[in-house]
Every structure is written in C-alpha cells, then in structure tokens.
Amino acid sequence: MKRVVIVICDGLRADMVNEENTPNLMRIAMAGMYFKAHGGVFPSTTRTTAASIGTGCLPGRHGLEGNAVALDLGEGLQVFSVGPPGFRDKLHAATGRTLKVPTMSERVKDVGGAVIYANASPGAGIFLDPDGHGHMIHRDMATGPGRTTIPPHACGHDTAGDAEMTKRFIDDVLVKQKPAMALLWQCEPDNTQHGVSMGSPAHIDAIRSADAQAGRVFDNLQHDIDKGDVLFMVASDHGHETIGEIVDLEDILIDAGLKSAPGSNDVAIAPQGLSATIFLSNDAKDRRDAIADVLRNDSRIGGVYVGDEIAEIGLDPKGGIDIVAVGKDTDEPSDDGVPGTSVAFQGDIKISNNVGCGQHGGLGKYEQSPFLLCAGAGFQASSESKDKTSAIDIAPTAMRHLDLNEGGMDGRALQS
Ligand SMILES: [Zn+2]
C-alpha cells in the first residue's frame, strides 16, 4: 500500500545541512531529491507553518495567521498564544471554526488514516489536525478520531524526548500501524536554538540529534522507499536568525498616544518573534495610518504592511490583521559566526526572546530558508532541484503519491 512518511526537524536552517552537522540528512538527500531553493511561509512561526504543512495552504487561506493571534471572546480584542492546548477551543468559540481548509488528516481519514507524533508546543501538533480526523500524539495531550482523548506520550521537550518519540514512532506507527500518512515533528534543533548562540557547540549537538532521528526513520523505511511504496519527506518548518535587539511595540504605541494602556483591547499587538501582527478594534481603525507611520519611522523596523499589502506576504487582508511589522535584519553573524541577525518584538503578551540566541517569525533570508528532501515515489536518487518550493508544497506532493485529490491547496505537487 502506498504511504507517506514525513519527518520535520523544527527550525533547522538549510545552510546548516551539511556532511559535518547532518550526515544522515545527506544520506537521505543521496537517496532522493534535494530541493535547494525551499522556502517557508509568513509568519515563519511553527504553529502557523504546521497548519500550512498540514493543509497545503498559505496562512491567509488556512486562517492561523501567527503563533499568537487576537480574538474577541466578548470582551474586546485580546492576544492569545496559540501554543497551549486550550487555544483551539477559544478560536472555535470566537470564530465558529478552527482552520478554514481541510488538513491531510481529513483527506486521508477514510483511506488509511493519519498518525501524527508531535514534540513541539501542543498548538503545533493540534493545528496539524485540529478537528480530530486522525491521531495526534503529543507529550502533554493526545487525541484520536473524533477528538477523543487518548494517552499522551510522556517524554521530554528536548533532544532526549525527540529520540524517545522517534523510537515509538518507528515501533508503533511505521512497523505496526502503517497509516497512509505518518508525520513525526521533532522539537529540535528549534528548542535549543532559542536559548543558545547560533553555531555554538550546544546548537550543533541539537542539530546532530535531530539528524540522527531522521536517519533512524530512514533506515526503517529504506526497503519500502526503494520499492516505491513510501514517499519519505524530511523538512524543516523555518530557519532561525540571531536576535540583535528586542523592541516592545506596546511601549512605542502607548508613548505615541496610539494605544491606551498595556494589554488594552483597542490596539492588540501579537508578537511573532521577528515580526508582529497588529489588530485594531472598530473604534481604533482610524489609527491605522498613524500607527504605520510611527513604525515606518523607527529604524529598527525593516518593513510595515497595511491593508491589501498584507496579501503580498500571504496573509488575508480581511482576516483580522490590520498592520504587520517585520524586524530589520542584516547578515551580521552570531557570536559563533552564523550569519543573520534581526530585531525581535514584544507586544500585548511577552514571549521568550533572548538577545544573542536564535528566533524566527519574520521575513529574514535565513529564517525563510528551511530545507526539504524527498525520497521514493519517483524522486530520483542523487537528484537536485533549484526550483523555488515552499512548505505549502508538502501536502499536495503527499496527496499525489496517495492518488488523492490535491485540489483546493495553494501549493503544488512537486515534480519527481
Ligand atoms: Zn521556535
């Protein structure tokens, strides 16, 4: 039976995939096609990209336009993190929906089903299958078809946890269950990158760990890949850049008289790491251009998008976001010599931003350069593609291999 197996190494930059750091990924590249111009979505945040990988659609289409979003639950706009398990129900209560388009789990539910093992935040796992068409197993929570509660897979949110989850993914999912779509989302190297200098020994160790787990999955599948039954895709969701400086947009807009108070619901600022999305209440819509002017005049901000301009970066101008600010990024290296430095943001909620460590969420060159490898299903050994590809191409490529309809997606099935 035809099957698709996907392994995500969260946050691994394309330019850090090489013989020294990732010998297993290089082996997988030799067994298939290495996509050399792969790109991410905006914001380059994990939960947003999980929904894009799951649906084949840009954030403006699937509707999860950030790792934090503003919702009105009856008391005006308030910013919520998408990470905790309870966010999905808040989104449903505020909008009457989860994602606006079907996931791979929904598309395969009657033809072999989907099993997802996810070790990033709960939200990143949930938004791969928010309506419970298949199984989604996380260390903190897990759901089966119909969103029934099933036992979680207790493990660490670290390299050891990824290793443990990979072992169970191989033993239970690949060897026994063999669903049509199996996806393993490792939290590394992203989890480590957020707290260390890019290129430091701790960072390289985390990359090697993620690489080793991808290699274990590959070794288990090699026979079925060679037969043509299994399409094996290994990718990252986004890259990382170094935080050079942190800018709190809440302070800036309060000082400018354009937001009334910290956490006020007139102007809701959702921090995305190296970008921020701003939602205006009806009473504050007329402040849009004044806010955009203040942001454009701040030398630490690299780009400001308002109104229809936000469609250019893959968001929905009618989806609730009024203004997008992107951190100014440069090629300046980290303390350990890895290029790419950007400004990070805080907003109505305060997220983990560490100066000198990795972050993402913006439009910088390196955070927008994840990697992608495809083996089996006609992807020729030792082949390479320089065509521009995107995270949204993974789902249509998977559906084509399974002979299922890939219609309604923004991405395209990649040529083998
Ligand atoms: Zn991250």
# chains A, B, ... in the order shown; residues from 1 in each chain; ligands from 1
$ residues_near_ligand --ligand "ligand 1" --cutoff "8 Å" --atoms "only C-alpha atoms and all ligand atoms" --output "list in words"
Asp10, Gly11, Thr45, Thr46, Asp190, Asn191, Gln193, His194, His240, Gln359 and His360 of chain A
$ residues_around --residues "region 176-189 of chain A" --least-positions-apart "6" --cutoff "8 Å" --atoms "only C-alpha atoms" --output "NGL selection string"
:A and (2-12 or 104-105 or 108 or 111-120 or 157-159 or 162 or 166 or 169 or 203 or 206-207 or 209-210 or 402)
$ select_by_dssp --residues "region 222-300 of chain A" --states "strand (DSSP E)" --output "PyMOL selection string"
chain A and resi 230-235+241-248+267-271+275-280
$ closest_residue --among "A:Thr22, A:Ile28, A:Met33, A:Leu91" --to "Lys386 (chain A)" --atoms "only C-alpha atoms"
A:Met33
$ select_by_dssp --residues "region 31-139 of chain A" --states "alpha helix (DSSP H)" --output "PyMOL selection string"
chain A and resi 31+46-55+59-62+87-95+104-107+122-126
$ residues_around --residues "Lys100 (chain A)" --least-positions-apart "3" --cutoff "9 Å" --atoms "only C-alpha atoms" --output "list in words"
Arg61, His62, Gly63, Leu64 and Arg97 of chain A
$ closest_residue --among "A:Ser385, A:Thr48, A:Asn405, A:Gln380" --to "Gly228 (chain A)" --atoms "only C-alpha atoms"
A:Gln380
$ closest_residue --among "A:Ala284, A:Cys57, A:Ala413, A:Ala270" --to "Gly361 (chain A)" --atoms "only C-alpha atoms"
A:Ala270
$ residues_around --residues "region 261-266 of chain A" --least-positions-apart "5" --cutoff "12 Å" --atoms "only C-alpha atoms" --output "NGL selection string"
:A and (70-80 or 248-256 or 278-288 or 346-350)
$ residues_around --residues "region 318-332 of chain A" --least-positions-apart "5" --cutoff "9 Å" --atoms "only C-alpha atoms" --output "PyMOL selection string"
chain A and resi 60+63+65+69-71+241-242+244+247+273-280+285+288+291-292+295-296+299-308+310+337-345+361-365
$ residues_around --residues "Thr49 (chain A)" --least-positions-apart "2" --cutoff "10 Å" --atoms "only C-alpha atoms" --output "ChimeraX atom specification"
/A:40-47,51-59,64-67,124,127-128,236-238,361,391-392
$ write_last_selection --atoms "N, CA and C atoms" --output "PDB file, in the first residue's frame"
ATOM      1  N   GLY A  40       9.775  29.106   3.298  1.00  0.00           N
ATOM      2  CA  GLY A  40       8.731  28.966   4.308  1.00  0.00           C
ATOM      3  C   GLY A  40       7.566  29.899   4.048  1.00  0.00           C
ATOM      4  N   VAL A  41       6.679  30.020   5.030  1.00  0.00           N
ATOM      5  CA  VAL A  41       5.536  30.926   4.941  1.00  0.00           C
ATOM      6  C   VAL A  41       5.764  32.070   5.934  1.00  0.00           C
ATOM      7  N   PHE A  42       4.889  33.073   5.852  1.00  0.00           N
ATOM      8  CA  PHE A  42       4.940  34.181   6.807  1.00  0.00           C
ATOM      9  C   PHE A  42       3.675  34.189   7.652  1.00  0.00           C
ATOM     10  N   PRO A  43       3.743  34.419   8.975  1.00  0.00           N
ATOM     11  CA  PRO A  43       4.963  34.489   9.767  1.00  0.00           C
ATOM     12  C   PRO A  43       5.668  33.128   9.797  1.00  0.00           C
ATOM     13  N   SER A  44       7.016  33.154   9.896  1.00  0.00           N
ATOM     14  CA  SER A  44       7.780  31.904   9.911  1.00  0.00           C
ATOM     15  C   SER A  44       7.787  31.325  11.331  1.00  0.00           C
ATOM     16  N   THR A  45       6.584  31.148  11.864  1.00  0.00           N
ATOM     17  CA  THR A  45       6.381  30.596  13.206  1.00  0.00           C
ATOM     18  C   THR A  45       5.941  29.141  13.069  1.00  0.00           C
ATOM     19  N   THR A  46       6.202  28.341  14.111  1.00  0.00           N
ATOM     20  CA  THR A  46       5.983  26.898  13.991  1.00  0.00           C
ATOM     21  C   THR A  46       4.512  26.523  13.850  1.00  0.00           C
ATOM     22  N   ARG A  47       3.642  27.098  14.693  1.00  0.00           N
ATOM     23  CA  ARG A  47       2.224  26.669  14.660  1.00  0.00           C
ATOM     24  C   ARG A  47       1.573  27.069  13.339  1.00  0.00           C
ATOM     25  N   ALA A  51       0.197  24.399  10.325  1.00  0.00           N
ATOM     26  CA  ALA A  51      -1.090  24.443   9.622  1.00  0.00           C
ATOM     27  C   ALA A  51      -0.873  24.515   8.105  1.00  0.00           C
ATOM     28  N   SER A  52       0.185  25.193   7.661  1.00  0.00           N
ATOM     29  CA  SER A  52       0.469  25.270   6.215  1.00  0.00           C
ATOM     30  C   SER A  52       0.967  23.927   5.676  1.00  0.00           C
ATOM     31  N   ILE A  53       1.805  23.241   6.455  1.00  0.00           N
ATOM     32  CA  ILE A  53       2.268  21.915   6.028  1.00  0.00           C
ATOM     33  C   ILE A  53       1.081  20.948   6.032  1.00  0.00           C
ATOM     34  N   GLY A  54       0.215  21.066   7.018  1.00  0.00           N
ATOM     35  CA  GLY A  54      -0.934  20.162   7.124  1.00  0.00           C
ATOM     36  C   GLY A  54      -1.985  20.367   6.057  1.00  0.00           C
ATOM     37  N   THR A  55      -2.137  21.618   5.581  1.00  0.00           N
ATOM     38  CA  THR A  55      -3.222  21.917   4.634  1.00  0.00           C
ATOM     39  C   THR A  55      -2.746  22.199   3.213  1.00  0.00           C
ATOM     40  N   GLY A  56      -1.471  22.514   3.026  1.00  0.00           N
ATOM     41  CA  GLY A  56      -1.001  22.929   1.702  1.00  0.00           C
ATOM     42  C   GLY A  56      -1.427  24.345   1.357  1.00  0.00           C
ATOM     43  N   CYS A  57      -1.819  25.116   2.364  1.00  0.00           N
ATOM     44  CA  CYS A  57      -2.306  26.477   2.099  1.00  0.00           C
ATOM     45  C   CYS A  57      -1.492  27.520   2.861  1.00  0.00           C
ATOM     46  N   LEU A  58      -1.457  28.733   2.304  1.00  0.00           N
ATOM     47  CA  LEU A  58      -0.818  29.868   2.972  1.00  0.00           C
ATOM     48  C   LEU A  58      -1.623  30.239   4.217  1.00  0.00           C
ATOM     49  N   PRO A  59      -0.980  30.890   5.188  1.00  0.00           N
ATOM     50  CA  PRO A  59      -1.696  31.286   6.407  1.00  0.00           C
ATOM     51  C   PRO A  59      -2.966  32.110   6.136  1.00  0.00           C
ATOM     52  N   LEU A  64      -4.757  30.488  10.367  1.00  0.00           N
ATOM     53  CA  LEU A  64      -3.995  30.574  11.628  1.00  0.00           C
ATOM     54  C   LEU A  64      -2.784  31.456  11.346  1.00  0.00           C
ATOM     55  N   GLU A  65      -2.999  32.779  11.469  1.00  0.00           N
ATOM     56  CA  GLU A  65      -2.030  33.736  10.933  1.00  0.00           C
ATOM     57  C   GLU A  65      -1.004  34.175  11.972  1.00  0.00           C
ATOM     58  N   GLY A  66      -0.503  33.245  12.776  1.00  0.00           N
ATOM     59  CA  GLY A  66       0.555  33.590  13.719  1.00  0.00           C
ATOM     60  C   GLY A  66       0.640  32.599  14.860  1.00  0.00           C
ATOM     61  N   ASN A  67       1.744  32.693  15.623  1.00  0.00           N
ATOM     62  CA  ASN A  67       1.889  31.892  16.843  1.00  0.00           C
ATOM     63  C   ASN A  67       1.097  32.512  17.975  1.00  0.00           C
ATOM     64  N   ALA A 124       1.234  23.407  17.992  1.00  0.00           N
ATOM     65  CA  ALA A 124       1.814  22.998  16.700  1.00  0.00           C
ATOM     66  C   ALA A 124       1.298  21.616  16.301  1.00  0.00           C
ATOM     67  N   PHE A 127      -2.746  21.947  15.472  1.00  0.00           N
ATOM     68  CA  PHE A 127      -3.134  22.563  14.203  1.00  0.00           C
ATOM     69  C   PHE A 127      -2.661  21.797  12.962  1.00  0.00           C
ATOM     70  N   LEU A 128      -2.065  20.615  13.185  1.00  0.00           N
ATOM     71  CA  LEU A 128      -1.886  19.691  12.060  1.00  0.00           C
ATOM     72  C   LEU A 128      -3.185  18.915  11.809  1.00  0.00           C
ATOM     73  N   SER A 236      12.305  21.041   7.311  1.00  0.00           N
ATOM     74  CA  SER A 236      12.107  21.892   8.486  1.00  0.00           C
ATOM     75  C   SER A 236      10.980  22.855   8.153  1.00  0.00           C
ATOM     76  N   ASP A 237      10.453  23.472   9.191  1.00  0.00           N
ATOM     77  CA  ASP A 237       9.337  24.406   9.006  1.00  0.00           C
ATOM     78  C   ASP A 237       9.818  25.830   8.717  1.00  0.00           C
ATOM     79  N   HIS A 238      10.980  26.162   9.281  1.00  0.00           N
ATOM     80  CA  HIS A 238      11.547  27.507   9.126  1.00  0.00           C
ATOM     81  C   HIS A 238      12.992  27.421   9.583  1.00  0.00           C
ATOM     82  N   GLY A 361      10.075  33.960  12.800  1.00  0.00           N
ATOM     83  CA  GLY A 361       8.753  34.576  12.754  1.00  0.00           C
ATOM     84  C   GLY A 361       8.664  35.714  11.754  1.00  0.00           C
ATOM     85  N   ALA A 391       6.841  25.348   1.916  1.00  0.00           N
ATOM     86  CA  ALA A 391       6.200  24.457   2.909  1.00  0.00           C
ATOM     87  C   ALA A 391       4.811  24.019   2.446  1.00  0.00           C
ATOM     88  N   ILE A 392       4.128  24.849   1.671  1.00  0.00           N
ATOM     89  CA  ILE A 392       2.772  24.506   1.218  1.00  0.00           C
ATOM     90  C   ILE A 392       2.777  23.464   0.100  1.00  0.00           C
TER      91      ILE A 392
END
$ closest_residue --among "A:Ile313, A:Ala202, A:Ala37, A:Leu99" --to "Arg13 (chain A)" --atoms "only C-alpha atoms"
A:Ala37
$ residues_around --residues "Arg88 (chain A)" --least-positions-apart "5" --cutoff "8 Å" --atoms "only C-alpha atoms" --output "list in words"
Val82, Thr98, Gly123, Ile126 and Pro130 of chain A
$ atom_distance --atom1 "CA of His38 (chain A)" --atom2 "CA of Ala377 (chain A)"
19.3 Å
$ closest_residue --among "A:Gly134, A:Arg216, A:Ser383, A:Gln368" --to "Glu164 (chain A)" --atoms "only C-alpha atoms"
A:Arg216
$ decode --residues "region 50-80 of chain A" --atoms "N, CA and C atoms" --output "PDB file, in the first residue's frame"
ATOM      1  N   ALA A  50       2.934  24.731  10.770  1.00  0.00           N
ATOM      2  CA  ALA A  50       2.336  23.395  10.912  1.00  0.00           C
ATOM      3  C   ALA A  50       1.004  23.360  10.169  1.00  0.00           C
ATOM      4  N   ALA A  51       0.197  24.399  10.325  1.00  0.00           N
ATOM      5  CA  ALA A  51      -1.090  24.443   9.622  1.00  0.00           C
ATOM      6  C   ALA A  51      -0.873  24.515   8.105  1.00  0.00           C
ATOM      7  N   SER A  52       0.185  25.193   7.661  1.00  0.00           N
ATOM      8  CA  SER A  52       0.469  25.270   6.215  1.00  0.00           C
ATOM      9  C   SER A  52       0.967  23.927   5.676  1.00  0.00           C
ATOM     10  N   ILE A  53       1.805  23.241   6.455  1.00  0.00           N
ATOM     11  CA  ILE A  53       2.268  21.915   6.028  1.00  0.00           C
ATOM     12  C   ILE A  53       1.081  20.948   6.032  1.00  0.00           C
ATOM     13  N   GLY A  54       0.215  21.066   7.018  1.00  0.00           N
ATOM     14  CA  GLY A  54      -0.934  20.162   7.124  1.00  0.00           C
ATOM     15  C   GLY A  54      -1.985  20.367   6.057  1.00  0.00           C
ATOM     16  N   THR A  55      -2.137  21.618   5.581  1.00  0.00           N
ATOM     17  CA  THR A  55      -3.222  21.917   4.634  1.00  0.00           C
ATOM     18  C   THR A  55      -2.746  22.199   3.213  1.00  0.00           C
ATOM     19  N   GLY A  56      -1.471  22.514   3.026  1.00  0.00           N
ATOM     20  CA  GLY A  56      -1.001  22.929   1.702  1.00  0.00           C
ATOM     21  C   GLY A  56      -1.427  24.345   1.357  1.00  0.00           C
ATOM     22  N   CYS A  57      -1.819  25.116   2.364  1.00  0.00           N
ATOM     23  CA  CYS A  57      -2.306  26.477   2.099  1.00  0.00           C
ATOM     24  C   CYS A  57      -1.492  27.520   2.861  1.00  0.00           C
ATOM     25  N   LEU A  58      -1.457  28.733   2.304  1.00  0.00           N
ATOM     26  CA  LEU A  58      -0.818  29.868   2.972  1.00  0.00           C
ATOM     27  C   LEU A  58      -1.623  30.239   4.217  1.00  0.00           C
ATOM     28  N   PRO A  59      -0.980  30.890   5.188  1.00  0.00           N
ATOM     29  CA  PRO A  59      -1.696  31.286   6.407  1.00  0.00           C
ATOM     30  C   PRO A  59      -2.966  32.110   6.136  1.00  0.00           C
ATOM     31  N   GLY A  60      -2.931  32.972   5.121  1.00  0.00           N
ATOM     32  CA  GLY A  60      -4.124  33.756   4.803  1.00  0.00           C
ATOM     33  C   GLY A  60      -5.307  32.891   4.393  1.00  0.00           C
ATOM     34  N   ARG A  61      -5.031  31.710   3.844  1.00  0.00           N
ATOM     35  CA  ARG A  61      -6.108  30.776   3.450  1.00  0.00           C
ATOM     36  C   ARG A  61      -6.537  29.879   4.597  1.00  0.00           C
ATOM     37  N   HIS A  62      -5.556  29.327   5.362  1.00  0.00           N
ATOM     38  CA  HIS A  62      -5.977  28.377   6.413  1.00  0.00           C
ATOM     39  C   HIS A  62      -6.450  29.091   7.679  1.00  0.00           C
ATOM     40  N   GLY A  63      -6.015  30.355   7.855  1.00  0.00           N
ATOM     41  CA  GLY A  63      -6.623  31.157   8.914  1.00  0.00           C
ATOM     42  C   GLY A  63      -5.902  31.169  10.253  1.00  0.00           C
ATOM     43  N   LEU A  64      -4.757  30.488  10.367  1.00  0.00           N
ATOM     44  CA  LEU A  64      -3.995  30.574  11.628  1.00  0.00           C
ATOM     45  C   LEU A  64      -2.784  31.456  11.346  1.00  0.00           C
ATOM     46  N   GLU A  65      -2.999  32.779  11.469  1.00  0.00           N
ATOM     47  CA  GLU A  65      -2.030  33.736  10.933  1.00  0.00           C
ATOM     48  C   GLU A  65      -1.004  34.175  11.972  1.00  0.00           C
ATOM     49  N   GLY A  66      -0.503  33.245  12.776  1.00  0.00           N
ATOM     50  CA  GLY A  66       0.555  33.590  13.719  1.00  0.00           C
ATOM     51  C   GLY A  66       0.640  32.599  14.860  1.00  0.00           C
ATOM     52  N   ASN A  67       1.744  32.693  15.623  1.00  0.00           N
ATOM     53  CA  ASN A  67       1.889  31.892  16.843  1.00  0.00           C
ATOM     54  C   ASN A  67       1.097  32.512  17.975  1.00  0.00           C
ATOM     55  N   ALA A  68       0.724  33.787  17.802  1.00  0.00           N
ATOM     56  CA  ALA A  68      -0.169  34.478  18.724  1.00  0.00           C
ATOM     57  C   ALA A  68      -1.152  35.243  17.854  1.00  0.00           C
ATOM     58  N   VAL A  69      -2.420  35.275  18.271  1.00  0.00           N
ATOM     59  CA  VAL A  69      -3.431  35.993  17.489  1.00  0.00           C
ATOM     60  C   VAL A  69      -4.367  36.726  18.451  1.00  0.00           C
ATOM     61  N   ALA A  70      -5.050  37.767  17.938  1.00  0.00           N
ATOM     62  CA  ALA A  70      -6.043  38.466  18.753  1.00  0.00           C
ATOM     63  C   ALA A  70      -7.426  37.906  18.449  1.00  0.00           C
ATOM     64  N   LEU A  71      -8.179  37.615  19.500  1.00  0.00           N
ATOM     65  CA  LEU A  71      -9.553  37.128  19.369  1.00  0.00           C
ATOM     66  C   LEU A  71     -10.455  37.998  20.233  1.00  0.00           C
ATOM     67  N   ASP A  72     -11.722  38.100  19.806  1.00  0.00           N
ATOM     68  CA  ASP A  72     -12.720  38.772  20.641  1.00  0.00           C
ATOM     69  C   ASP A  72     -13.668  37.712  21.199  1.00  0.00           C
ATOM     70  N   LEU A  73     -13.514  37.427  22.484  1.00  0.00           N
ATOM     71  CA  LEU A  73     -14.368  36.426  23.131  1.00  0.00           C
ATOM     72  C   LEU A  73     -15.509  37.105  23.886  1.00  0.00           C
ATOM     73  N   GLY A  74     -15.862  38.314  23.433  1.00  0.00           N
ATOM     74  CA  GLY A  74     -16.982  39.023  24.052  1.00  0.00           C
ATOM     75  C   GLY A  74     -16.549  40.206  24.893  1.00  0.00           C
ATOM     76  N   GLU A  75     -15.234  40.329  25.122  1.00  0.00           N
ATOM     77  CA  GLU A  75     -14.743  41.456  25.932  1.00  0.00           C
ATOM     78  C   GLU A  75     -13.716  42.292  25.169  1.00  0.00           C
ATOM     79  N   GLY A  76     -13.863  42.331  23.867  1.00  0.00           N
ATOM     80  CA  GLY A  76     -12.918  43.085  23.046  1.00  0.00           C
ATOM     81  C   GLY A  76     -11.714  42.250  22.670  1.00  0.00           C
ATOM     82  N   LEU A  77     -10.862  42.818  21.821  1.00  0.00           N
ATOM     83  CA  LEU A  77      -9.708  42.071  21.311  1.00  0.00           C
ATOM     84  C   LEU A  77      -8.711  41.782  22.423  1.00  0.00           C
ATOM     85  N   GLN A  78      -8.253  40.526  22.429  1.00  0.00           N
ATOM     86  CA  GLN A  78      -7.255  40.129  23.414  1.00  0.00           C
ATOM     87  C   GLN A  78      -6.286  39.185  22.698  1.00  0.00           C
ATOM     88  N   VAL A  79      -4.987  39.306  23.007  1.00  0.00           N
ATOM     89  CA  VAL A  79      -3.989  38.469  22.334  1.00  0.00           C
ATOM     90  C   VAL A  79      -3.812  37.160  23.102  1.00  0.00           C
ATOM     91  N   PHE A  80      -3.855  36.064  22.362  1.00  0.00           N
ATOM     92  CA  PHE A  80      -3.653  34.735  22.946  1.00  0.00           C
ATOM     93  C   PHE A  80      -2.504  34.033  22.237  1.00  0.00           C
TER      94      PHE A  80
END
